[in-house]
file query.cif (mmCIF, C-alpha atoms)
data_run
#
loop_
_atom_site.label_atom_id
_atom_site.label_comp_id
_atom_site.auth_asym_id
_atom_site.auth_seq_id
_atom_site.Cartn_x
_atom_site.Cartn_y
_atom_site.Cartn_z
CA MET A 29 42.96 43.55 44.40
CA PHE A 30 43.21 39.80 44.12
CA LYS A 31 40.49 39.62 41.47
CA ARG A 32 42.27 42.26 39.39
CA SER A 33 45.50 40.19 39.51
CA ILE A 34 43.66 37.06 38.32
CA GLY A 35 42.07 38.92 35.43
CA LEU A 36 45.45 40.35 34.43
CA ALA A 37 47.00 36.89 34.53
CA ILE A 38 44.29 35.43 32.34
CA LEU A 39 44.73 38.24 29.82
CA VAL A 40 48.48 37.63 29.64
CA ALA A 41 47.95 33.87 29.21
CA VAL A 42 45.47 34.35 26.36
CA SER A 43 47.81 36.79 24.62
CA LEU A 44 50.69 34.31 24.85
CA LEU A 45 48.48 31.51 23.46
CA VAL A 46 47.47 33.66 20.49
CA PHE A 47 51.09 34.64 19.90
CA PHE A 48 52.37 31.06 19.88
CA THR A 49 49.49 29.92 17.59
CA VAL A 50 50.29 32.62 15.02
CA VAL A 51 54.01 31.83 15.13
CA GLN A 52 53.32 28.10 14.65
CA ASN A 53 51.05 28.73 11.62
CA LEU A 54 53.62 30.99 9.97
CA THR A 55 56.36 28.41 10.52
CA PHE A 56 54.19 25.63 8.97
CA GLU A 57 53.34 27.73 5.92
CA LYS A 58 56.98 28.59 5.40
CA ALA A 59 57.98 24.95 5.62
CA SER A 60 55.24 23.97 3.22
CA ALA A 61 56.32 26.61 0.77
CA GLN A 62 59.92 25.38 0.94
CA SER A 63 58.83 21.77 0.36
CA LYS A 64 56.94 22.61 -2.88
CA PRO A 65 58.98 22.29 -6.09
CA ASN A 66 59.66 25.48 -7.94
CA PRO A 67 57.49 25.75 -11.09
CA VAL A 68 59.44 25.10 -14.32
CA ALA A 69 59.19 27.92 -16.80
CA LYS A 70 57.70 26.69 -20.07
CA PRO A 71 59.83 27.54 -23.11
CA SER A 72 58.13 29.79 -25.57
CA PRO A 73 56.90 27.74 -28.59
CA GLU A 74 59.15 27.87 -31.58
CA PRO A 75 57.48 29.08 -34.75
CA GLU A 76 56.48 26.16 -37.01
CA ALA A 77 58.71 25.69 -40.03
CA LYS A 78 56.80 26.61 -43.14
CA ALA A 79 56.51 23.70 -45.58
CA PRO A 80 58.33 24.38 -48.85
CA ALA A 81 56.13 25.22 -51.78
CA PRO A 82 55.55 22.23 -54.08
CA VAL A 83 57.39 21.86 -57.36
CA VAL A 84 54.76 21.38 -60.08
CA TYR A 85 55.86 19.96 -63.45
CA GLY A 86 59.41 20.93 -62.50
CA ILE A 87 58.36 24.53 -61.72
CA PRO A 88 58.89 25.97 -58.17
CA THR A 89 55.67 27.58 -56.91
CA ASP A 90 56.91 29.55 -53.86
CA SER A 91 55.59 32.79 -55.37
CA LEU A 92 52.70 31.34 -57.36
CA GLU A 93 49.17 30.12 -56.78
CA ILE A 94 48.10 26.74 -58.18
CA VAL A 95 44.80 26.10 -59.97
CA GLU A 96 43.93 22.60 -61.21
CA ALA A 97 40.94 21.98 -63.47
CA THR A 98 39.53 20.00 -66.39
CA VAL A 99 38.75 21.31 -69.87
CA GLU A 100 35.00 21.73 -70.28
CA ARG A 101 33.19 20.64 -73.43
CA GLY A 102 33.60 23.32 -76.13
CA GLU A 103 36.18 25.25 -74.09
CA ASN A 104 39.33 26.54 -75.81
CA LEU A 105 42.62 28.11 -74.74
CA SER A 106 41.46 31.73 -75.01
CA GLU A 107 38.40 31.03 -72.83
CA ILE A 108 40.54 29.34 -70.19
CA LEU A 109 43.19 32.09 -70.02
CA ASP A 110 40.71 34.97 -70.30
CA ASN A 111 40.12 34.71 -66.53
CA TYR A 112 43.85 34.99 -65.80
CA ASN A 113 44.74 38.38 -67.27
CA ILE A 114 46.11 37.05 -70.59
CA SER A 115 45.22 39.15 -73.64
CA LEU A 116 43.91 37.78 -76.92
CA THR A 117 47.02 39.14 -78.65
CA THR A 118 49.26 37.10 -76.36
CA ILE A 119 47.10 33.99 -76.84
CA SER A 120 47.27 34.38 -80.63
CA GLU A 121 51.05 34.68 -80.54
CA LEU A 122 51.23 31.69 -78.18
CA ALA A 123 49.12 29.58 -80.55
CA LYS A 124 51.53 30.35 -83.41
CA LYS A 125 54.55 29.37 -81.33
CA SER A 126 52.78 26.25 -80.11
CA LYS A 127 51.85 24.86 -83.53
CA PRO A 128 55.06 22.89 -84.24
CA VAL A 129 55.07 21.52 -80.67
CA PHE A 130 51.39 20.94 -79.85
CA ASN A 131 48.56 22.59 -81.75
CA VAL A 132 46.22 24.32 -79.30
CA ARG A 133 43.28 23.18 -81.43
CA ARG A 134 43.95 19.68 -80.10
CA ILE A 135 43.05 20.75 -76.57
CA SER A 136 40.02 18.58 -75.86
CA ALA A 137 37.31 18.16 -73.24
CA ASN A 138 37.84 16.16 -70.06
CA ARG A 139 41.63 16.53 -70.12
CA ASN A 140 43.42 17.98 -67.08
CA TYR A 141 45.22 21.30 -66.99
CA THR A 142 47.03 23.40 -64.37
CA ILE A 143 47.46 27.18 -64.16
CA LEU A 144 50.19 28.81 -62.08
CA HIS A 145 49.38 32.49 -61.49
CA LEU A 146 50.69 35.41 -59.46
CA PRO A 147 48.92 36.17 -56.15
CA ASP A 148 47.85 39.57 -57.47
CA SER A 149 44.37 40.95 -57.98
CA GLY A 150 44.44 40.03 -61.68
CA LYS A 151 45.59 36.45 -61.02
CA THR A 152 48.04 36.88 -63.89
CA ALA A 153 48.92 33.46 -65.30
CA GLN A 154 52.61 32.64 -65.57
CA TYR A 155 52.25 29.05 -66.80
CA PHE A 156 49.53 26.96 -68.41
CA ILE A 157 50.18 23.19 -68.35
CA TYR A 158 47.96 20.89 -70.41
CA GLU A 159 47.94 17.05 -70.29
CA PRO A 160 47.00 15.57 -73.68
CA SER A 161 47.59 12.04 -72.34
CA GLU A 162 48.73 10.12 -69.28
CA THR A 163 52.29 10.10 -70.58
CA GLU A 164 52.70 13.68 -71.88
CA TYR A 165 52.19 17.25 -70.78
CA VAL A 166 52.69 20.59 -72.53
CA ILE A 167 54.12 23.58 -70.64
CA TYR A 168 53.06 26.99 -71.96
CA ASP A 169 55.39 29.59 -70.42
CA LEU A 170 53.41 32.87 -70.44
CA ARG A 171 56.09 35.14 -69.05
CA LYS A 172 58.09 37.72 -71.06
CA GLU A 173 59.39 35.24 -73.62
CA LEU A 174 56.52 32.99 -74.65
CA ASN A 175 57.71 29.40 -74.82
CA VAL A 176 56.09 25.97 -75.40
CA THR A 177 57.64 22.61 -74.52
CA LEU A 178 56.26 19.06 -74.76
CA GLU A 179 57.45 16.79 -71.95
CA LYS A 180 57.14 13.01 -71.67
CA ARG A 181 56.69 11.20 -68.37
CA ARG A 182 58.76 8.17 -67.49
CA ILE A 183 56.90 4.91 -68.11
CA ASP A 184 57.81 2.02 -65.81
CA THR A 185 57.17 -1.56 -66.87
CA VAL A 186 56.19 -3.90 -64.05
CA GLU A 187 55.70 -7.65 -64.31
CA ARG A 188 52.33 -8.82 -63.00
CA ALA A 189 50.62 -12.19 -62.56
CA ILE A 190 46.93 -13.02 -62.33
CA ALA A 191 45.01 -16.28 -62.19
CA GLY A 192 41.46 -17.50 -61.85
CA ILE A 193 38.81 -20.16 -62.34
CA ILE A 194 36.07 -19.65 -64.91
CA GLN A 195 32.52 -19.69 -63.57
CA ASN A 196 30.61 -17.90 -66.33
CA SER A 197 32.93 -16.60 -69.05
CA LEU A 198 36.60 -15.96 -69.70
CA PHE A 199 35.97 -12.23 -69.92
CA VAL A 200 34.28 -12.05 -66.52
CA ALA A 201 36.80 -14.31 -64.80
CA LEU A 202 39.86 -12.54 -66.18
CA THR A 203 38.62 -9.02 -65.48
CA GLU A 204 37.51 -9.97 -61.96
CA ALA A 205 41.02 -11.32 -61.37
CA GLY A 206 42.40 -7.86 -62.17
CA GLY A 207 42.86 -8.00 -65.94
CA SER A 208 41.44 -5.80 -68.66
CA ALA A 209 39.53 -6.19 -71.92
CA GLN A 210 42.86 -5.68 -73.70
CA LEU A 211 44.36 -8.66 -71.86
CA VAL A 212 41.28 -10.78 -72.59
CA ASN A 213 41.60 -10.06 -76.31
CA HIS A 214 45.33 -10.84 -76.32
CA PHE A 215 44.76 -14.05 -74.35
CA ALA A 216 41.98 -15.08 -76.75
CA ASP A 217 44.24 -14.49 -79.77
CA ILE A 218 47.01 -16.65 -78.27
CA TYR A 219 44.74 -19.65 -77.71
CA ALA A 220 42.29 -19.10 -80.58
CA TRP A 221 43.71 -21.94 -82.71
CA ARG A 222 43.95 -24.52 -79.92
CA LEU A 223 40.74 -23.84 -77.98
CA ASP A 224 37.17 -22.92 -78.86
CA LEU A 225 36.81 -20.00 -76.47
CA ASN A 226 33.04 -20.00 -76.98
CA ARG A 227 32.82 -23.49 -75.45
CA LEU A 228 34.84 -23.08 -72.28
CA GLN A 229 33.53 -24.94 -69.25
CA PRO A 230 32.96 -23.77 -65.65
CA GLY A 231 35.99 -24.94 -63.73
CA ASP A 232 38.48 -24.22 -66.53
CA LYS A 233 41.52 -22.43 -65.09
CA PHE A 234 43.98 -19.83 -66.31
CA LYS A 235 47.16 -18.03 -65.30
CA LEU A 236 48.89 -15.07 -66.97
CA ILE A 237 52.22 -13.35 -66.55
CA TYR A 238 52.30 -10.01 -68.35
CA ASP A 239 53.82 -6.54 -68.37
CA GLU A 240 51.95 -3.54 -67.00
CA HIS A 241 52.84 0.06 -67.91
CA VAL A 242 52.82 2.45 -64.95
CA VAL A 243 53.21 6.24 -64.76
CA ASN A 244 53.50 7.88 -61.33
CA GLY A 245 52.10 4.76 -59.70
CA LYS A 246 49.06 4.65 -61.99
CA THR A 247 48.45 1.86 -64.52
CA ILE A 248 48.06 3.32 -68.01
CA GLY A 249 48.09 0.15 -70.09
CA PHE A 250 49.30 -3.37 -70.60
CA GLY A 251 52.20 -4.79 -72.55
CA LYS A 252 52.58 -8.20 -74.09
CA ILE A 253 51.58 -11.38 -72.26
CA LYS A 254 54.91 -13.03 -71.42
CA SER A 255 53.44 -16.45 -70.78
CA ALA A 256 50.09 -18.07 -70.09
CA TYR A 257 48.56 -21.29 -68.80
CA PHE A 258 45.16 -22.76 -69.50
CA GLU A 259 43.58 -25.88 -68.07
CA HIS A 260 40.60 -27.10 -70.09
CA GLU A 261 38.79 -30.31 -69.12
CA GLY A 262 41.83 -31.33 -67.08
CA LYS A 263 44.33 -30.81 -69.90
CA GLU A 264 47.16 -28.30 -69.40
CA LEU A 265 48.25 -26.05 -72.24
CA TYR A 266 51.10 -23.58 -71.74
CA ALA A 267 51.73 -20.58 -73.95
CA ILE A 268 55.41 -19.71 -73.58
CA GLY A 269 56.43 -16.38 -75.08
CA PHE A 270 59.67 -16.83 -77.01
CA ASP A 271 61.47 -14.63 -79.53
CA GLN A 272 63.36 -16.43 -82.29
CA GLY A 273 64.51 -13.18 -83.85
CA LYS A 274 61.28 -12.00 -85.51
CA GLY A 275 59.33 -10.88 -82.46
CA ILE A 276 57.65 -12.80 -79.68
CA GLY A 277 55.64 -15.91 -80.53
CA TYR A 278 53.83 -18.39 -78.29
CA TYR A 279 54.73 -22.07 -78.09
CA ASP A 280 53.42 -25.08 -76.19
CA GLN A 281 55.48 -27.41 -73.99
CA GLU A 282 56.75 -29.24 -77.08
CA GLY A 283 57.90 -26.10 -78.84
CA LYS A 284 55.02 -26.07 -81.34
CA SER A 285 53.53 -22.72 -82.23
CA LEU A 286 50.07 -21.94 -80.87
CA LYS A 287 49.56 -19.56 -83.77
CA ARG A 288 48.33 -20.40 -87.23
CA ALA A 289 49.17 -18.38 -90.29
CA PHE A 290 45.98 -16.32 -89.80
CA LEU A 291 43.79 -15.05 -87.00
CA ARG A 292 40.58 -17.05 -86.83
CA GLU A 293 38.29 -13.98 -86.96
CA PRO A 294 38.66 -10.36 -88.15
CA LEU A 295 36.71 -8.93 -85.17
CA GLU A 296 37.33 -9.33 -81.47
CA PHE A 297 34.50 -10.96 -79.49
CA SER A 298 31.82 -10.56 -82.14
CA ARG A 299 28.77 -12.66 -82.97
CA ILE A 300 28.30 -14.69 -86.16
CA SER A 301 25.00 -13.61 -87.71
CA SER A 302 25.18 -15.53 -90.99
CA ARG A 303 27.43 -18.37 -92.12
CA PHE A 304 28.92 -19.44 -95.43
CA SER A 305 26.17 -20.98 -97.58
CA LYS A 306 25.58 -22.10 -101.16
CA SER A 307 21.95 -20.96 -100.86
CA ARG A 308 20.82 -18.19 -98.53
CA PHE A 309 17.82 -15.86 -98.67
CA HIS A 310 19.26 -12.38 -99.26
CA PRO A 311 17.59 -9.88 -96.86
CA VAL A 312 17.85 -6.97 -99.33
CA GLN A 313 17.39 -8.63 -102.74
CA LYS A 314 14.66 -10.96 -101.35
CA ARG A 315 15.85 -14.05 -103.21
CA TYR A 316 17.94 -17.14 -102.58
CA LYS A 317 21.55 -16.93 -103.70
CA PRO A 318 24.98 -18.18 -102.54
CA HIS A 319 26.49 -16.37 -99.56
CA LEU A 320 30.19 -17.06 -99.93
CA GLY A 321 31.21 -15.29 -96.74
CA THR A 322 30.70 -15.14 -92.99
CA ASP A 323 28.76 -12.25 -91.45
CA PHE A 324 29.80 -10.91 -88.05
CA ALA A 325 27.32 -8.68 -86.22
CA ALA A 326 29.03 -5.78 -84.45
CA ARG A 327 28.43 -2.17 -83.52
CA HIS A 328 28.95 0.60 -86.04
CA GLY A 329 32.58 1.75 -85.86
CA THR A 330 34.01 -1.48 -84.39
CA PRO A 331 37.63 -1.86 -85.63
CA ILE A 332 38.18 -4.52 -88.31
CA ARG A 333 41.58 -6.22 -88.32
CA THR A 334 43.36 -8.10 -91.06
CA VAL A 335 43.75 -11.77 -90.20
CA GLY A 336 47.27 -11.95 -91.63
CA ASP A 337 50.19 -10.08 -93.15
CA GLY A 338 49.73 -9.05 -96.75
CA ILE A 339 49.33 -6.40 -99.47
CA VAL A 340 46.09 -4.52 -100.14
CA LEU A 341 44.78 -5.45 -103.60
CA GLU A 342 41.72 -3.20 -103.42
CA ALA A 343 40.38 -0.56 -101.06
CA LYS A 344 37.35 1.04 -102.69
CA TYR A 345 33.55 1.37 -102.86
CA THR A 346 31.04 -0.57 -104.94
CA ARG A 347 27.25 -0.57 -104.85
CA GLY A 348 26.98 -4.10 -103.50
CA ASN A 349 30.04 -4.34 -101.25
CA GLY A 350 30.03 -0.77 -99.97
CA TYR A 351 33.48 0.24 -98.71
CA TYR A 352 35.66 -2.87 -98.73
CA VAL A 353 39.28 -4.02 -98.53
CA LYS A 354 40.77 -7.04 -100.26
CA ILE A 355 44.17 -8.37 -99.13
CA LYS A 356 46.51 -10.85 -100.78
CA HIS A 357 48.47 -12.71 -98.09
CA ASN A 358 50.52 -15.05 -100.26
CA LYS A 359 50.14 -17.22 -103.39
CA THR A 360 47.51 -19.33 -101.64
CA TYR A 361 45.35 -17.08 -99.48
CA THR A 362 43.34 -13.89 -100.03
CA THR A 363 40.74 -12.26 -97.73
CA GLN A 364 38.09 -9.57 -98.20
CA TYR A 365 36.23 -7.32 -95.72
CA LEU A 366 32.91 -5.75 -96.82
CA HIS A 367 30.36 -3.06 -95.80
CA MET A 368 32.85 -0.87 -93.90
CA SER A 369 31.86 2.56 -92.66
CA LYS A 370 35.34 3.82 -93.60
CA PHE A 371 38.93 2.71 -94.15
CA ALA A 372 41.61 3.01 -91.49
CA ARG A 373 44.26 5.68 -92.01
CA GLY A 374 46.96 4.63 -94.47
CA VAL A 375 45.00 1.68 -95.92
CA ARG A 376 44.98 2.00 -99.70
CA THR A 377 45.67 -0.13 -102.76
CA GLY A 378 49.28 -1.33 -102.65
CA SER A 379 49.85 -0.69 -98.95
CA ARG A 380 51.36 -3.44 -96.79
CA VAL A 381 49.51 -4.54 -93.64
CA LYS A 382 50.46 -6.62 -90.60
CA GLN A 383 48.41 -9.31 -88.89
CA GLY A 384 46.01 -7.75 -86.40
CA GLN A 385 46.31 -4.25 -87.91
CA THR A 386 43.10 -2.22 -88.08
CA ILE A 387 42.15 -1.77 -91.75
CA GLY A 388 38.66 -0.27 -91.39
CA TYR A 389 35.55 0.03 -89.27
CA VAL A 390 32.23 -1.80 -89.20
CA GLY A 391 29.42 -0.09 -91.12
CA SER A 392 26.40 -0.83 -93.28
CA THR A 393 27.44 0.52 -96.68
CA GLY A 394 26.39 -1.26 -99.87
CA LEU A 395 23.64 -3.92 -99.77
CA ALA A 396 23.33 -4.22 -96.00
CA THR A 397 20.36 -3.99 -93.64
CA GLY A 398 22.44 -3.03 -90.60
CA PRO A 399 26.00 -2.70 -89.27
CA HIS A 400 28.00 -5.90 -89.79
CA LEU A 401 31.10 -7.27 -91.47
CA CYS A 402 30.96 -9.76 -94.33
CA TYR A 403 34.28 -11.66 -94.27
CA ARG A 404 35.35 -13.63 -97.33
CA PHE A 405 38.21 -16.08 -97.77
CA TRP A 406 39.96 -17.43 -100.89
CA LYS A 407 42.23 -20.47 -101.06
CA ASN A 408 43.98 -21.11 -104.36
CA GLY A 409 41.58 -18.73 -106.08
CA LYS A 410 38.42 -20.41 -104.77
CA GLN A 411 36.12 -18.96 -102.13
CA VAL A 412 35.90 -21.24 -99.10
CA ASP A 413 34.33 -21.20 -95.63
CA ALA A 414 36.76 -19.20 -93.49
CA LEU A 415 35.62 -21.01 -90.33
CA ARG A 416 36.16 -24.50 -91.78
CA VAL A 417 39.31 -24.11 -93.85
CA LYS A 418 42.33 -25.93 -92.43
CA LEU A 419 45.21 -23.50 -92.13
CA PRO A 420 48.89 -24.31 -91.67
CA SER A 421 50.61 -23.81 -88.32
CA ALA A 422 53.23 -21.18 -87.85
CA ASP A 423 56.83 -22.38 -87.59
CA PRO A 424 57.85 -24.31 -84.44
CA VAL A 425 60.93 -23.46 -82.37
CA LYS A 426 64.04 -23.79 -84.54
CA LYS A 427 66.49 -26.58 -83.72
CA SER A 428 69.21 -24.00 -83.13
CA LYS A 429 67.01 -22.34 -80.48
CA LEU A 430 65.79 -25.47 -78.66
CA ASP A 431 68.28 -25.30 -75.77
CA GLU A 432 67.42 -21.66 -75.11
CA PHE A 433 63.70 -22.47 -75.31
CA GLU A 434 64.02 -25.42 -72.90
CA GLN A 435 65.63 -23.17 -70.27
CA LEU A 436 62.87 -20.59 -70.66
CA LYS A 437 60.18 -23.31 -70.55
CA GLU A 438 61.52 -24.72 -67.26
CA ALA A 439 61.68 -21.26 -65.67
CA THR A 440 58.17 -20.45 -66.95
CA ILE A 441 56.62 -23.67 -65.60
CA ASN A 442 58.24 -23.10 -62.19
CA GLN A 443 56.94 -19.55 -62.16
CA MET A 444 53.42 -20.66 -63.10
CA GLN A 445 53.40 -23.36 -60.42
CA ALA A 446 54.16 -20.67 -57.84
CA ILE A 447 50.90 -18.86 -58.67
CA ASN A 448 47.73 -20.02 -56.93
CA PHE A 449 44.41 -19.73 -58.72
CA ASP A 450 43.33 -17.00 -56.31
CA GLY A 451 46.22 -14.88 -57.61
CA THR A 452 48.49 -15.34 -54.58
CA GLN A 453 51.98 -16.75 -54.92
CA GLN A 454 53.51 -19.67 -53.07
CA PRO A 455 56.71 -18.44 -51.38
CA GLU A 456 58.26 -21.91 -51.10
CA LEU A 457 58.00 -22.45 -54.86
CA LEU A 458 59.23 -18.96 -55.58
CA ALA A 459 62.20 -19.54 -53.26
CA SER A 460 63.10 -22.88 -54.87
CA ASP A 461 62.76 -21.32 -58.30
CA LYS A 462 65.06 -18.51 -57.24
CA GLN A 463 67.65 -20.98 -55.95
CA GLU A 464 67.55 -22.91 -59.20
CA THR A 465 68.04 -19.70 -61.15
CA GLN A 466 71.05 -18.78 -59.04
CA LYS A 467 72.57 -22.22 -59.54
CA GLY A 468 72.24 -21.91 -63.27
CA ALA A 469 73.80 -18.43 -63.29
#

call {"tool": "encode", "arguments": {"input": "query.cif", "output": "structure tokens"}}
result
Amino acid sequence: MFKRSIGLAILVAVSLLVFFTVVQNLTFEKASAQSKPNPVAKPSPEPEAKAPAPVVYGIPTDSLEIVEATVERGENLSEILDNYNISLTTISELAKKSKPVFNVRRISANRNYTILHLPDSGKTAQYFIYEPSETEYVIYDLRKELNVTLEKRRIDTVERAIAGIIQNSLFVALTEAGGSAQLVNHFADIYAWRLDLNRLQPGDKFKLIYDEHVVNGKTIGFGKIKSAYFEHEGKELYAIGFDQGKGIGYYDQEGKSLKRAFLREPLEFSRISSRFSKSRFHPVQKRYKPHLGTDFAARHGTPIRTVGDGIVLEAKYTRGNGYYVKIKHNKTYTTQYLHMSKFARGVRTGSRVKQGQTIGYVGSTGLATGPHLCYRFWKNGKQVDALRVKLPSADPVKKSKLDEFEQLKEATINQMQAINFDGTQQPELLASDKQETQKGA
């Protein structure tokens, strides 16, 4: 009986222990659950806003597909639009409407075009846009009413400055500084009468301030050089662009013109292959005879420019001279340009030409063994050596314009001094220059 009581007691004690253990675990879990932060419900993601369709050439494209391409060699309008569900009848009618605006025959290889078409199975074109140049584009509206418009882009003019030190040649130094062949030629023309650009020395320095033409952030060309600086063998020579009422001219620090009455040479950056001579062996006629001209070797088709303003006396062909142009500049001077491949448009007997204007192109017509220009020069009716003749200077700054020129000269020199030869600008000089400008305002 006693043993049974002990066993019963032990059973009760074990049961109570199990009970209290279970209760304690449940209480702990409940407390833990209460101590945990409630999870935050994540908001459902908002649908991304769809980017608006781009506007191309002023045309909204929200319901159109855009195709950009380049005209292939030999490709024409009908071949381009044939893939975009446009019939030959429509293309023919479009070409007729286009003629007074932009003739479709002028569509040429390597130019950009854009097609805007419907997102249908036929990819039916609604617009064809062609870019004949960096500054123009033609919109062909192919919808119900065929329409053609020529649009011009806005051209911004930005002032730029470059500088450098010559190591090998002016061309290399100026182009490496960020210039172009066009700027090199313009720079060479400005200084041609004061410096022998074929004898520049390593260490010679230059600076240019010029206008750059920009369309949509892209440089498309260069304007006039506004001013220039050249240091040759330690001597400084400024070229200050100044307009006295007849267009911009270039003057030194004393107001003297850097320009003579004529350009020194009728070709840009050419090579002299034969000089003026009273006795030269003629390569075709195989005999010695006077060569009263200067030969410039150049590639076939190189533009030939007139060295001064004047009137065309002759523009014709002869057996010896080939195609040639003869120009009377004034009572004293006449020039002649021989062996051309062809004349420039509009150059004919009696026409008036301006200095630097293209009058023809290098060829080998007449008695010539290869492409070159024979350049001849008359002074008072007598043929003279064009490279040795002493020519008069252009007019200096007028007395009535001296005060205006002096102000421009001071501003130009300050601006040039602010440009380092690595092309960077000195802020302290720019700031002082700005203050001076404000004081004078």

call {"tool": "closest_residue", "arguments": {"input": "query.cif", "among": "A:Ala439, A:Lys354, A:Arg134, A:Gly348", "to": "Gly102 of chain A", "atoms": "all atoms listed in the file"}}
result
A:Arg134

call {"tool": "atom_distance", "arguments": {"input": "query.cif", "atom1": "atom CA of Asn196 of chain A", "atom2": "atom CA of Tyr278 of chain A"}}
result
26.1 Å

call {"tool": "atom_distance", "arguments": {"input": "query.cif", "atom1": "atom CA of Leu395 of chain A", "atom2": "atom CA of Arg376 of chain A"}}
result
22.1 Å

call {"tool": "resolve_selection", "arguments": {"input": "query.cif", "expression": "the PyMOL selection byres ((chain A and resi 148) around 12)", "output": "VMD selection string"}}
result
chain A and resid 91 to 93 112 to 113 144 to 147 149 to 154

call {"tool": "resolve_selection", "arguments": {"input": "query.cif", "expression": "the PyMOL selection byres ((chain A and resi 185) around 7)", "output": "PDB file with C-alpha atoms, keeping the file's coordinate frame"}}
result
ATOM      1  CA  ILE A 183      56.900   4.910 -68.110  1.00  0.00           C
ATOM      2  CA  ASP A 184      57.810   2.020 -65.810  1.00  0.00           C
ATOM      3  CA  VAL A 186      56.190  -3.900 -64.050  1.00  0.00           C
ATOM      4  CA  GLU A 187      55.700  -7.650 -64.310  1.00  0.00           C
ATOM      5  CA  ASP A 239      53.820  -6.540 -68.370  1.00  0.00           C
ATOM      6  CA  GLU A 240      51.950  -3.540 -67.000  1.00  0.00           C
ATOM      7  CA  HIS A 241      52.840   0.060 -67.910  1.00  0.00           C
ATOM      8  CA  VAL A 242      52.820   2.450 -64.950  1.00  0.00           C
TER       9      VAL A 242
END

call {"tool": "resolve_selection", "arguments": {"input": "query.cif", "expression": "the PyMOL selection byres ((chain A and resi 248-257) around 7)", "output": "count of residues only"}}
result
20

call {"tool": "atom_distance", "arguments": {"input": "query.cif", "atom1": "atom CA of Ile332 of chain A", "atom2": "atom CA of Val390 of chain A"}}
result
6.6 Å

call {"tool": "closest_residue", "arguments": {"input": "query.cif", "among": "A:Tyr365, A:Tyr389, A:Tyr351, A:Tyr403", "to": "Thr322 of chain A", "atoms": "all atoms listed in the file"}}
result
A:Tyr403

call {"tool": "residues_near_point", "arguments": {"input": "query.cif", "point": "(46.6, -9.4, -88.8)", "cutoff": "8 Å", "atoms": "all atoms listed in the file", "output": "number ranges by chain"}}
result
A: 290-291, 333-337, 381-385

call {"tool": "closest_residue", "arguments": {"input": "query.cif", "among": "A:Leu228, A:Ala209, A:Met368, A:Leu170", "to": "Gly329 of chain A", "atoms": "all atoms listed in the file"}}
result
A:Met368

call {"tool": "residues_around", "arguments": {"input": "query.cif", "residues": "segment 198-202 of chain A", "least_positions_apart": "4", "cutoff": "9 Å", "atoms": "only C-alpha atoms", "output": "PyMOL selection string"}}
result
chain A and resi 190-194+206-209+211-213+216+225+228+234

call {"tool": "residues_around", "arguments": {"input": "query.cif", "residues": "segment 120-129 of chain A", "least_positions_apart": "3", "cutoff": "7 Å", "atoms": "all atoms listed in the file", "output": "PDB file with C-alpha atoms, in the coordinates of the input"}}
result
ATOM      1  CA  LEU A 116      43.910  37.780 -76.920  1.00  0.00           C
ATOM      2  CA  THR A 117      47.020  39.140 -78.650  1.00  0.00           C
ATOM      3  CA  VAL A 132      46.220  24.320 -79.300  1.00  0.00           C
ATOM      4  CA  LEU A 174      56.520  32.990 -74.650  1.00  0.00           C
ATOM      5  CA  VAL A 176      56.090  25.970 -75.400  1.00  0.00           C
ATOM      6  CA  THR A 177      57.640  22.610 -74.520  1.00  0.00           C
ATOM      7  CA  LEU A 178      56.260  19.060 -74.760  1.00  0.00           C
TER       8      LEU A 178
END

call {"tool": "closest_residue", "arguments": {"input": "query.cif", "among": "A:Tyr85, A:Tyr345, A:Phe270, A:Phe433", "to": "Arg181 of chain A", "atoms": "all atoms listed in the file"}}
result
A:Tyr85

call {"tool": "decode", "arguments": {"input": "query.cif", "residues": "segment 246-262 of chain A", "atoms": "C-alpha atoms", "output": "CSV table (one decimal), in the first residue's frame"}}
result
chain,number,residue,atom,x,y,z
A,246,LYS,CA,28.3,70.5,-84.2
A,247,THR,CA,30.9,72.7,-86.0
A,248,ILE,CA,30.1,73.1,-89.6
A,249,GLY,CA,32.6,75.7,-90.7
A,250,PHE,CA,34.6,78.7,-89.8
A,251,GLY,CA,34.0,82.4,-90.3
A,252,LYS,CA,36.5,85.2,-90.6
A,253,ILE,CA,39.6,85.5,-88.4
A,254,LYS,CA,38.8,88.5,-86.2
A,255,SER,CA,42.4,89.1,-85.1
A,256,ALA,CA,45.7,87.2,-85.2
A,257,TYR,CA,49.2,87.4,-83.6
A,258,PHE,CA,52.4,86.1,-85.0
A,259,GLU,CA,55.9,86.1,-83.3
A,260,HIS,CA,58.7,85.4,-85.8
A,261,GLU,CA,62.3,85.5,-84.6
A,262,GLY,CA,61.2,87.4,-81.5
